[in-house]
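The data block below is upload.cif; it holds mmCIF, C-alpha atoms.
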data_entry
#
loop_
_atom_site.label_atom_id
_atom_site.label_comp_id
_atom_site.auth_asym_id
_atom_site.auth_seq_id
_atom_site.Cartn_x
_atom_site.Cartn_y
_atom_site.Cartn_z
CA MET D 1 -9.06 5.79 3.88
CA LYS D 2 -9.21 6.32 7.60
CA ALA D 3 -6.70 7.99 9.92
CA LEU D 4 -6.39 8.01 13.70
CA VAL D 5 -5.13 11.38 14.97
CA ILE D 6 -3.52 11.11 18.41
CA ASP D 7 -2.60 14.27 20.30
CA ASP D 8 -3.39 15.55 23.78
CA SER D 9 -4.14 18.97 22.31
CA ARG D 10 -7.59 19.33 20.77
CA THR D 11 -6.17 22.27 18.84
CA MET D 12 -3.52 20.13 17.19
CA ARG D 13 -5.97 17.28 16.57
CA ARG D 14 -8.20 19.77 14.76
CA ILE D 15 -5.31 21.04 12.63
CA VAL D 16 -4.09 17.56 11.67
CA SER D 17 -7.61 16.26 11.08
CA SER D 18 -8.42 19.26 8.90
CA VAL D 19 -5.37 18.63 6.71
CA LEU D 20 -6.19 14.94 6.40
CA SER D 21 -9.87 15.61 5.66
CA ASP D 22 -8.85 17.97 2.87
CA LEU D 23 -6.79 15.11 1.44
CA GLY D 24 -9.81 12.82 1.50
CA TYR D 25 -9.32 10.98 4.78
CA GLU D 26 -11.98 10.07 7.27
CA THR D 27 -10.53 10.77 10.72
CA VAL D 28 -11.05 9.57 14.27
CA GLU D 29 -9.29 11.17 17.23
CA ALA D 30 -7.74 10.15 20.53
CA GLY D 31 -6.23 12.29 23.30
CA ASP D 32 -3.36 10.00 24.29
CA GLY D 33 -1.72 6.70 23.41
CA GLN D 34 -3.89 4.60 25.68
CA ALA D 35 -7.09 6.14 24.31
CA ALA D 36 -5.78 5.39 20.82
CA LEU D 37 -5.11 1.77 21.73
CA ASP D 38 -8.69 1.61 23.04
CA VAL D 39 -9.95 2.88 19.66
CA LEU D 40 -8.01 0.14 17.87
CA GLU D 41 -9.06 -2.51 20.41
CA SER D 42 -12.69 -1.58 19.75
CA GLY D 43 -12.25 -2.84 16.20
CA THR D 44 -11.90 0.48 14.41
CA GLU D 45 -9.70 -0.13 11.39
CA VAL D 46 -7.36 2.64 10.26
CA ASP D 47 -4.79 2.95 7.51
CA LEU D 48 -2.76 5.67 9.17
CA ALA D 49 -2.06 6.90 12.70
CA CYS D 50 -0.62 10.38 13.24
CA VAL D 51 1.02 10.31 16.66
CA ASP D 52 2.20 13.10 18.93
CA TRP D 53 5.17 12.27 21.17
CA ASN D 54 4.62 14.09 24.46
CA MET D 55 1.26 13.14 25.91
CA PRO D 56 -0.02 12.28 29.38
CA VAL D 57 -1.13 8.72 30.27
CA MET D 58 0.73 7.06 27.37
CA ASP D 59 3.23 8.87 25.16
CA GLY D 60 3.55 8.43 21.43
CA LEU D 61 6.70 6.35 21.49
CA THR D 62 5.05 3.81 23.80
CA PHE D 63 2.00 3.75 21.54
CA VAL D 64 4.15 3.05 18.49
CA THR D 65 5.91 0.23 20.33
CA GLU D 66 2.60 -1.27 21.46
CA VAL D 67 1.15 -1.19 17.95
CA ARG D 68 4.24 -2.76 16.44
CA ASN D 69 3.99 -5.61 18.95
CA ARG D 70 0.54 -6.55 17.68
CA ARG D 71 0.43 -8.63 14.50
CA GLU D 72 -3.16 -7.63 13.71
CA TRP D 73 -2.13 -3.97 13.45
CA LYS D 74 0.94 -4.52 11.28
CA ASP D 75 -0.60 -2.76 8.28
CA ILE D 76 -1.18 0.53 10.10
CA THR D 77 1.23 3.21 8.92
CA LEU D 78 2.58 5.23 11.84
CA MET D 79 3.59 8.85 11.36
CA MET D 80 4.97 10.83 14.28
CA VAL D 81 3.78 14.46 14.29
CA THR D 82 5.69 16.18 17.05
CA THR D 83 7.87 19.08 18.18
CA GLU D 84 10.64 16.59 19.04
CA SER D 85 13.15 17.40 16.34
CA GLU D 86 16.46 16.15 17.75
CA HIS D 87 18.14 13.57 15.56
CA GLY D 88 18.32 11.07 18.42
CA GLN D 89 14.58 11.29 19.02
CA ILE D 90 13.81 10.78 15.33
CA VAL D 91 16.04 7.71 15.28
CA ARG D 92 14.30 6.33 18.40
CA ALA D 93 10.87 6.75 16.84
CA LEU D 94 11.88 5.14 13.56
CA ALA D 95 13.61 2.30 15.42
CA ALA D 96 10.43 1.71 17.43
CA GLY D 97 8.48 1.29 14.21
CA ALA D 98 7.32 4.70 13.03
CA HIS D 99 7.34 5.01 9.24
CA GLU D 100 7.57 8.78 8.94
CA TYR D 101 8.29 11.83 11.03
CA VAL D 102 6.77 15.32 10.73
CA ILE D 103 7.99 18.16 12.91
CA LYS D 104 5.56 20.79 14.22
CA PRO D 105 4.86 23.35 12.93
CA PHE D 106 4.10 21.81 9.56
CA THR D 107 2.37 22.95 6.41
CA PRO D 108 -0.42 20.95 4.76
CA ASP D 109 1.99 20.29 1.89
CA ALA D 110 4.47 18.68 4.30
CA ILE D 111 1.84 16.16 5.38
CA ARG D 112 0.73 15.61 1.80
CA ASP D 113 4.30 15.02 0.63
CA LYS D 114 4.95 12.46 3.38
CA LEU D 115 1.74 10.60 2.56
CA GLU D 116 2.59 10.62 -1.11
CA LEU D 117 5.99 9.08 -0.33
CA LEU D 118 4.21 6.42 1.70
CA GLY D 119 1.71 5.75 -1.09
CA LEU D 120 -1.10 6.76 1.23
CA LEU D 121 -2.79 9.55 -0.66
CA PRO D 122 -6.43 8.79 -1.36
CA THR D 123 -6.91 8.13 -5.08
CA GLU D 124 -8.42 11.50 -5.98
CA GLU D 125 -5.45 13.32 -4.43
CA ARG D 126 -2.79 11.56 -6.48
CA VAL D 127 -1.31 13.58 -9.35
CA MET L 128 28.79 29.11 32.07
CA ARG L 129 25.63 27.09 31.87
CA SER L 130 23.72 29.98 30.30
CA GLY L 131 25.81 29.27 27.22
CA LEU L 132 23.79 26.10 26.85
CA VAL L 133 20.77 28.28 26.04
CA GLY L 134 22.46 29.99 23.11
CA VAL L 135 19.26 31.15 21.45
CA ASP L 136 19.15 34.68 20.08
CA ARG L 137 16.25 37.00 19.29
CA THR L 138 16.50 36.41 15.55
CA GLN L 139 15.99 32.70 16.12
CA MET L 140 13.09 33.36 18.50
CA LEU L 141 11.45 35.58 15.88
CA ALA L 142 11.98 33.01 13.12
CA ILE L 143 10.49 30.22 15.22
CA THR L 144 7.44 32.29 16.14
CA GLN L 145 6.92 33.39 12.54
CA ASP L 146 7.04 29.76 11.39
CA VAL L 147 4.62 28.63 14.10
CA PHE L 148 2.05 31.34 13.41
CA ALA L 149 2.32 30.98 9.64
CA ALA L 150 1.73 27.23 9.83
CA MET L 151 -0.82 27.05 12.63
CA VAL L 152 -2.72 30.33 12.50
CA ASP L 153 -2.24 32.33 9.32
CA GLY L 154 -2.48 29.83 6.47
CA GLY L 155 1.14 30.19 5.42
CA GLU L 156 1.36 33.99 5.59
CA VAL L 157 4.02 35.53 7.82
CA LEU L 158 2.16 38.13 9.89
CA VAL L 159 4.40 38.22 12.96
CA SER L 160 7.06 40.90 13.19
CA ALA L 161 9.43 42.20 15.84
CA ARG L 162 8.06 45.13 17.75
CA PHE L 163 10.28 48.10 18.46
CA GLY L 164 9.91 50.52 21.35
CA ALA L 165 8.36 50.05 24.74
CA VAL L 166 5.89 47.23 25.19
CA PRO L 167 2.62 48.58 26.55
CA GLU L 168 1.68 47.39 30.00
CA VAL L 169 -0.45 44.29 29.69
CA VAL L 170 -3.91 44.42 31.25
CA ASP L 171 -5.48 41.03 31.97
CA PRO L 172 -2.22 39.12 31.33
CA VAL L 173 -2.01 35.44 30.46
CA ALA L 174 1.03 33.22 30.00
CA ALA L 175 1.79 29.76 28.73
CA TRP L 176 5.11 27.98 29.04
CA VAL L 177 6.99 24.74 28.59
CA ASP L 178 10.15 23.58 30.32
CA MET L 179 13.10 21.84 28.74
CA SER L 180 15.11 20.01 31.35
CA VAL L 181 18.49 18.33 31.44
CA PRO L 182 18.37 16.75 34.90
CA SER L 183 21.84 15.22 34.70
CA LEU L 184 23.35 18.69 34.37
CA GLY L 185 21.04 20.41 36.84
CA PHE L 186 19.99 22.69 34.06
CA GLY L 187 16.85 23.57 32.18
CA ALA L 188 15.19 26.27 30.15
CA ARG L 189 11.70 27.69 30.06
CA ALA L 190 10.02 29.25 27.03
CA VAL L 191 7.18 31.58 27.98
CA VAL L 192 4.56 33.15 25.72
CA ARG L 193 2.89 36.19 27.32
CA THR L 194 0.05 38.34 26.06
CA ASP L 195 -3.31 39.67 27.22
CA ARG L 196 -6.44 37.57 27.45
CA PRO L 197 -8.26 39.29 24.54
CA THR L 198 -5.31 38.52 22.25
CA ALA L 199 -5.18 34.94 23.53
CA ASP L 200 -8.89 34.65 22.74
CA VAL L 201 -8.31 35.89 19.18
CA LEU L 202 -5.54 33.31 18.82
CA THR L 203 -7.76 30.59 20.25
CA ARG L 204 -10.55 31.38 17.78
CA ALA L 205 -8.06 31.22 14.92
CA LEU L 206 -6.50 27.95 16.09
CA LEU L 207 -9.84 26.25 16.72
CA MET L 208 -11.52 27.75 13.64
CA MET L 209 -14.17 29.45 15.75
CA GLY L 210 -16.36 32.32 14.62
CA ASP L 211 -15.37 35.90 15.49
CA ASP L 212 -18.24 36.23 17.95
CA GLU L 213 -18.01 32.73 19.36
CA HIS L 214 -17.39 32.55 23.10
CA VAL L 215 -13.95 31.21 24.02
CA GLY L 216 -14.30 28.87 26.99
CA LEU L 217 -11.57 28.29 29.53
CA ASP L 218 -10.85 24.81 28.15
CA ASP L 219 -10.56 26.21 24.61
CA PHE L 220 -8.14 28.90 25.76
CA ILE L 221 -5.98 26.54 27.82
CA ASP L 222 -5.75 23.99 25.02
CA ALA L 223 -5.02 26.42 22.18
CA PHE L 224 -2.71 28.82 23.99
CA GLY L 225 -0.90 25.92 25.63
CA GLU L 226 -0.33 24.21 22.30
CA LEU L 227 1.05 27.41 20.84
CA ALA L 228 3.59 27.59 23.68
CA ASN L 229 4.31 23.87 23.24
CA VAL L 230 5.23 24.24 19.58
CA VAL L 231 7.27 27.42 20.15
CA GLY L 232 9.08 25.78 23.09
CA GLY L 233 9.63 22.53 21.26
CA ASN L 234 11.39 24.39 18.49
CA VAL L 235 13.47 26.37 20.97
CA LYS L 236 14.49 23.04 22.51
CA SER L 237 15.96 21.96 19.18
CA LEU L 238 18.39 24.90 19.46
CA LEU L 239 19.74 23.98 22.88
CA SER L 240 23.28 22.66 22.89
CA VAL L 241 22.30 19.48 24.77
CA PRO L 242 19.29 17.13 24.38
CA ALA L 243 16.51 18.04 26.80
CA VAL L 244 13.19 16.65 27.95
CA LEU L 245 10.16 18.75 27.05
CA SER L 246 7.37 19.21 29.59
CA LEU L 247 3.68 19.46 28.87
CA PRO L 248 2.53 23.10 28.64
CA THR L 249 1.29 25.13 31.60
CA VAL L 250 -1.22 27.95 31.09
CA SER L 251 -1.85 30.61 33.72
CA GLY L 252 -3.51 33.94 34.33
CA GLN L 253 -0.17 35.32 35.44
CA ALA L 254 3.47 35.09 34.47
CA PRO L 255 5.44 32.28 36.11
CA VAL L 256 7.46 33.14 39.21
CA MET L 257 11.08 33.02 38.06
CA GLU L 258 12.95 34.63 40.95
CA ASP L 259 15.68 32.00 41.40
CA ASN L 260 16.26 31.53 37.69
CA GLN L 261 18.21 33.42 35.07
CA PHE L 262 16.65 35.58 32.39
CA ILE L 263 18.20 34.82 28.99
CA GLN L 264 16.33 36.64 26.26
CA ASP L 265 12.99 38.07 25.25
CA ILE L 266 11.40 39.54 22.18
CA ALA L 267 8.23 41.60 21.80
CA LEU L 268 6.22 40.75 18.73
CA ASP L 269 3.33 42.19 16.78
CA TRP L 270 0.67 39.97 15.23
CA ARG L 271 -2.23 41.63 13.43
CA GLY L 272 -1.91 44.64 15.74
CA HIS L 273 -1.77 42.50 18.88
CA VAL L 274 1.29 42.44 21.11
CA PHE L 275 2.83 39.40 22.69
CA VAL L 276 6.19 38.52 24.19
CA ILE L 277 8.34 35.41 24.00
CA GLU L 278 10.74 34.93 26.92
CA LEU L 279 13.49 32.43 27.49
CA TRP L 280 14.80 31.62 30.96
CA MET L 281 17.44 29.30 32.28
CA LEU L 282 16.15 27.08 35.10
CA VAL L 283 18.32 25.99 37.97
CA LEU L 284 17.43 22.38 38.78
CA GLU L 285 18.61 19.92 41.38
CA PRO L 286 21.19 17.75 39.59
CA VAL L 287 20.24 14.10 39.23
CA ALA L 288 23.11 11.63 39.22
#
Turn this file's structure into structure tokens for me.
Amino acid sequence: MKALVIDDSRTMRRIVSSVLSDLGYETVEAGDGQAALDVLESGTEVDLACVDWNMPVMDGLTFVTEVRNRREWKDITLMMVTTESEHGQIVRALAAGAHEYVIKPFTPDAIRDKLELLGLLPTEERV
Amino acid sequence: MRSGLVGVDRTQMLAITQDVFAAMVDGGEVLVSARFGAVPEVVDPVAAWVDMSVPSLGFGARAVVRTDRPTADVLTRALLMMGDDEHVGLDDFIDAFGELANVVGGNVKSLLSVPAVLSLPTVSGQAPVMEDNQFIQDIALDWRGHVFVIELWMLVLEPVA
């Protein structure tokens, strides 16, 4: 399975990618929403996108909205990974089309549990 | 009083920082503790901060993480999984230290009494100039023998109708 990790911080991309790699994912990275759209436009197919909220150029909420407007990307699971923890923000993200929401800081188990709920754990990781 | 909108105490600041370091730096272990006594003068200081603004109320808050550059370099190596002797470049330091402040500040934002907009982090070789703003709270912390300080300020903004 392949995941697109979208965060303007290389540090956070490394942390998220490391967790996903340990779970058996292949990962590709993008530094903002527009760069992530460019990755998808290039034909890279992903099962999961982990999306930060606050980013320059294009924020995560706009990215989620853009992806949900494209029929060819309807199978991509979108998981917000962000410090935005207010209830209203979570509702906005889910309403825009995000499937799950993880608040930073997170543990590897928190990511694993969310992916398990979504049925997105690679086969060897399932218990 | 608007400072009541930033009702965040030192216990909460400690808990947030412990959670952030445990998750991002220390593999789940809690290695951050409150430091008692005078904080030694910082040589080669660095600071990173994020702002939380509520323009409609002319109010905001700023969470600042301050330490010395050698400590920031140790943190950067840990966050980027670099070797102990690996050189920390300016871009590495800005990215890692800024993200640390971003996650600390984002969690402080969740404790404000009104929804706020979080800025992108700023990283600097000196503390931010805060002369027209109101100091709220700080806490000195120890992490693996290194000292750093978390500060919270209330920002006075121009109200936006």
| said: Which residues would end up in the selection if the PyMOL selection byres ((chain L) within 9 of (chain D)) were applied here, given that I need the answer as a list in words? | reply: Asp146, Val147, Phe148, Ala149, Ala150, Met151, Gly154, Gly155, Thr203, Leu206, Leu207, Met208, Asp219, Asp222, Ala223, Gly225, Glu226, Asn229, Val230, Val231, Gly232, Gly233, Asn234, Lys236, Ser237, Pro242, Leu245, Ser246 and Leu247 of chain L
Work out where the centre of an axis-aligned box around every listed atom of segment 75-91 of chain D lies and how long its edges are once 8 Å is added on each side; give both in Å to one decimal as AutoDock Vina command-line options.
--center_x 8.6 --center_y 8.2 --center_z 13.7 --size_x 35.5 --size_y 37.8 --size_z 26.8
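Between Asp75 of chain D and the residues D:Ile111, D:Ala3, D:Val57, D:Leu48, the shortest atom-to-atom distance, using all atoms listed in the file, involves D:Leu48.
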| request: Enter the distance from atom CA of Asp32 of chain D to atom CA of Thr62 of chain D, in Å, rounded to one decimal. | output: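 Between atom CA of Asp32 of chain D and atom CA of Thr62 of chain D the gap is 10.5 Å.
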| request: Report as a PyMOL selection string the full result of the PyMOL selection byres ((chain L and resi 188) around 10) when it is applied to this structure. | output: chain L and resi 130+132-133+177-181+186-187+189-191+232+235-236+239+243+245+260-263+279-284
| query | For this file, the PyMOL selection byres ((chain L and resi 272) around 12) selects which residues, as a list in words? | reply |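 On the file shown, the PyMOL selection byres ((chain L and resi 272) around 12) covers Leu158, Val159, Ser160, Ala161, Arg162, Thr198, Val201, Leu268, Asp269, Trp270, Arg271, His273, Val274 and Phe275 of chain L.
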| remark: Computed gap from atom CA of Ala30 of chain D to atom CA of Asp113 of chain D is 23.8 Å
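What separates atom CA of Ala49 of chain D from atom CA of Leu120 of chain D is a distance of 11.5 Å.
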Need the shell around Asp136 of chain L: protein/DNA/RNA residues with any atom at most 9 Å away, counting all atoms listed in the file. Skip same-chain ones fewer than 2 positions apart. Format as a compact mmCIF listing (two decimals) with C-alpha atoms, keeping the file's coordinate frame?
# COMPACT_ATOMS: atom_id res chain seq x y z
CA VAL L 133 20.77 28.28 26.04
CA GLY L 134 22.46 29.99 23.11
CA THR L 138 16.50 36.41 15.55
CA GLN L 139 15.99 32.70 16.12
CA MET L 140 13.09 33.36 18.50
CA LEU L 141 11.45 35.58 15.88
CA ILE L 263 18.20 34.82 28.99
CA GLN L 264 16.33 36.64 26.26
CA ASP L 265 12.99 38.07 25.25
| task | Name the residues in contact with Ile266 of chain L at a cut-off of 7 Å, using only C-alpha atoms, excluding same-chain residues fewer than 5 positions from it; report them as JSON, numbers by chain. | result | {"L": [137, 276, 277, 278]}
Residues just named, written with C-alpha atoms as a short mmCIF file (atom, residue, chain, number, x, y, z; two decimals), keeping the file's coordinate frame:
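Saved result, result_14.cif, follows:
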data_model
loop_
_atom_site.label_atom_id
_atom_site.label_comp_id
_atom_site.auth_asym_id
_atom_site.auth_seq_id
_atom_site.Cartn_x
_atom_site.Cartn_y
_atom_site.Cartn_z
CA ARG L 137 16.25 37.00 19.29
CA VAL L 276 6.19 38.52 24.19
CA ILE L 277 8.34 35.41 24.00
CA GLU L 278 10.74 34.93 26.92
#
Long-range neighbours of Tyr25 of chain D as a PDB file with C-alpha atoms, in the coordinates of the input, 10 Å cut-off, only C-alpha atoms, 3 positions minimum in chain:
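Printed below is around-v7.pdb as written:
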ATOM      1  CA  MET D   1      -9.060   5.790   3.880  1.00  0.00           C
ATOM      2  CA  LYS D   2      -9.210   6.320   7.600  1.00  0.00           C
ATOM      3  CA  ALA D   3      -6.700   7.990   9.920  1.00  0.00           C
ATOM      4  CA  LEU D   4      -6.390   8.010  13.700  1.00  0.00           C
ATOM      5  CA  SER D  17      -7.610  16.260  11.080  1.00  0.00           C
ATOM      6  CA  SER D  18      -8.420  19.260   8.900  1.00  0.00           C
ATOM      7  CA  VAL D  19      -5.370  18.630   6.710  1.00  0.00           C
ATOM      8  CA  LEU D  20      -6.190  14.940   6.400  1.00  0.00           C
ATOM      9  CA  SER D  21      -9.870  15.610   5.660  1.00  0.00           C
ATOM     10  CA  ASP D  22      -8.850  17.970   2.870  1.00  0.00           C
ATOM     11  CA  VAL D  28     -11.050   9.570  14.270  1.00  0.00           C
ATOM     12  CA  ASP D  47      -4.790   2.950   7.510  1.00  0.00           C
ATOM     13  CA  LEU D  48      -2.760   5.670   9.170  1.00  0.00           C
ATOM     14  CA  LEU D 120      -1.100   6.760   1.230  1.00  0.00           C
ATOM     15  CA  LEU D 121      -2.790   9.550  -0.660  1.00  0.00           C
ATOM     16  CA  PRO D 122      -6.430   8.790  -1.360  1.00  0.00           C
TER      17      PRO D 122
END
| message | When you count all atoms listed in the file, which of these residues is closest to Gly60 of chain D: D:Leu23, D:Leu94, D:Leu118, D:Met80? | response |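 Closest to Gly60 of chain D, using all atoms listed in the file: D:Met80.
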